[in-house]
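Trainee: Would you mind keeping the following structure in view while I ask a few things?
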Amino acid sequence: MPATILLGTQWGDEGKGKLTDLLAKEMQVVVRYQGGHNAGHRIVVGDEAFALQLLPSGVLYPYITPVIGNGVVVEPKVLLNEIDALEARGIDCSRLVISGSAHLVMPYHQEIDALTERYLGKNRLGTTKRGIGPAYADKAARIGLRVQDLLDPKIFRQKLDVVLKEKNLILAKIYNRLALSSDDIAKRYLEEYAPRLAPHIGDAVGLVHDTLAAGGGVLLEGAQATFLDVDHGTYPFVTSSNPVAGGACTGAGIGPRYISRVVGIAKAYVTRVGAGPFPTEVSGEVADTLVERGKEFGTNTGRRRRPGWFDAVMMRHAVRLNSLDELAITKLDVLDSFETLKVCIAYEAGGARYAHLPWHQSVLHEVRPVYEELPGWGTSTSGVGTKDALPRAARDYLEFLSAQSGAPITFVGVGPGRDQIIRFAQR
């Protein structure tokens, strides 16, 4: 059974955790392939809600091996706290495998991240200040510490001493901060974190390939989303990794010929967190309704999200970038009370009309959305279990999104619950 990629197609928070949870039923292995603990996936099982940051969503199934891939950056304390919290609720995390090639988020990454954002002032990027960007920067600069280094105290200390000389100079000379202690950091990572993580550290690439060779299912789960991709997103207001489908291959260690299915997740509207362009952003009563009904606050940051109408121009680009086979639309029920809905079908700027995303950021910052208005359905969809039971106007809305985006819609979410998702079309 080949691998499936599941990724966000907007600016994140599309409900990837819920659909990962659904698709994981068919899998033996679920791999997080990029990002760090700046991601938040929320899954509702019965009366219980689980908020995951680093652990793959498949951890909730006792027969699945959850894998943190080499493309992820790992903050050990956060991961261990997440494991402890799940195990306290009866979730077995013993099957977890962490790639030895994943990079570590270190204390200086978090401090530099917060200080940099503060010093940028009004030009700040809106990062979560969790150290994710600096960790990826050190990875690219080839001075990062990796998870496997926790298993070799001598190598860990040597690498830490070298990098900390540079980081302490930055902290002292640029930000007027006290130097960090190499001994304190090494003690914490090697004596507190390493013994608990050691049983989980291993050959994630080998595990994935062995599973595929045996005909097992592998689900590659992305964090963040397409337009937060460092190469293809609304740069510089992006994350520091590649959430797009291509990033799944590098972040999990498999080639593209193993991928048979790419599923994109999108809300029935759009949200984003932090700064950056947002052509369909709304304000006032419409925004408040979307935020209140959609509970649009960050899973692990608590930040209010910026809401807007569905943007088909963005979605066409996401379909292109990711070779999407299908779309899953979430939070349709959030739109139940609107009399009229808007969908952006094009942009206008400088006398030109754009059916696809402008390549130049200066143009994107200036565009005005061209909307198509559709009637709302004015009734609750949260209890609907089949496509035919959806109001006609809701089906028309979804079919319009599909036609405008260029990808079939196969799943529709009508609430936060594990069972509040309907099959809209067959693959």
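We label chains A, B, ... in the order they appear in the structure tokens, count residues from 1 in each chain, and number ligands from 1 in the order shown.
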Excluding Val97 (chain A) and residues on its chain fewer than 6 positions from it, collect all residues at most 10 Å away from it, counting only C-alpha atoms, and give them as a PyMOL selection string.
Mentor: chain A and resi 31+55+65-69+197-204+207
Trainee: Can you list every residue in region 153-364 of chain A that DSSP puts in alpha helix (DSSP H), as a ChimeraX atom specification?
Mentor: /A:153-169,182-187,194-197,204-213,245-252,284-294,312-322,361-364
Trainee: Quick one: DSSP strand (DSSP E or B) residues in region 88-240 of chain A, as an MDAnalysis selection string?
Mentor: chainID A and resid 97:99 103:104 146 201:202 218:221
Trainee: Near region 403-417 of chain A, within 7 Å and counting only C-alpha atoms, which residues show up once chain neighbours fewer than 5 positions away are dropped, as an MDAnalysis selection string?
Mentor: chainID A and resid 44:46 312 315:316 324:333 381:382 422:427
Trainee: Contacts of Val72 (chain A) at 7 Å or less, counting only C-alpha atoms, minus same-chain residues fewer than 3 places along, as a ChimeraX atom specification?
Mentor: /A:33-36,68-69,102-103
Trainee: Have a look at A:Asp13, A:Lys295, A:Val263, A:Pro277 and name the one nearest to Val363 (chain A); count only C-alpha atoms.
Mentor: A:Pro277
Trainee: Using only C-alpha atoms, determine which residues lie at most 6 Å from region 5-12 of chain A, disregarding the query and same-chain residues fewer than 6 positions distant; provide the list as a VMD selection string.
Mentor: chain A and resid 219 to 222 224 to 228 262 to 266 272 318
Trainee: Given only C-alpha atoms as the basis, pick out the residue of A:Glu14, A:Asp288, A:Phe400, A:Asp21 nearest to Tyr269 (chain A).
Mentor: A:Glu14
Trainee: Closest to Val370 (chain A) among A:Gly17, A:Pro279, A:Gly350, A:Gly100, using only C-alpha atoms?
Mentor: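 Of A:Gly17, A:Pro279, A:Gly350, A:Gly100, the one nearest Val370 (chain A) is A:Pro279, counting only C-alpha atoms.
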Trainee: Find the spatial neighbours of Tyr193 (chain A), counting only C-alpha atoms, within a cut-off of 12 Å - ignore same-chain residues fewer than 6 positions away - and output them as a ChimeraX atom specification.
Mentor: /A:74-81,104,147,149-151,185-187,199-201
Trainee: Give me, as a count of residues only, all polymer residues having an atom no more than 8 Å from Arg304 (chain A), counting only C-alpha atoms and skipping those fewer than 5 positions away in the same chain.
Mentor: 5
Trainee: Let me make sure I understand: among A:Ala51, A:Ala223, A:Ala3, A:Ala213, which one has the smallest atom-to-atom distance to Arg32 (chain A) if we use only C-alpha atoms?
Mentor: A:Ala223
Trainee: Quick one: distance from CA of Tyr136 (chain A) to CA of Arg157 (chain A) in Å, one decimal?
Mentor: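 Atom-to-atom, CA of Tyr136 (chain A) and CA of Arg157 (chain A) are spaced 19.9 Å apart.
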Trainee: Grab the CA of Phe156 (chain A) to CA of Gly253 (chain A) distance for me, in Å with one decimal place.
Mentor: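 If I compute the distance from CA of Phe156 (chain A) to CA of Gly253 (chain A), I get 24.0 Å.
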Trainee: Find the distance between CA of Val30 (chain A) and CA of Arg89 (chain A) and write it in Å to one decimal.
Mentor: 20.7 Å
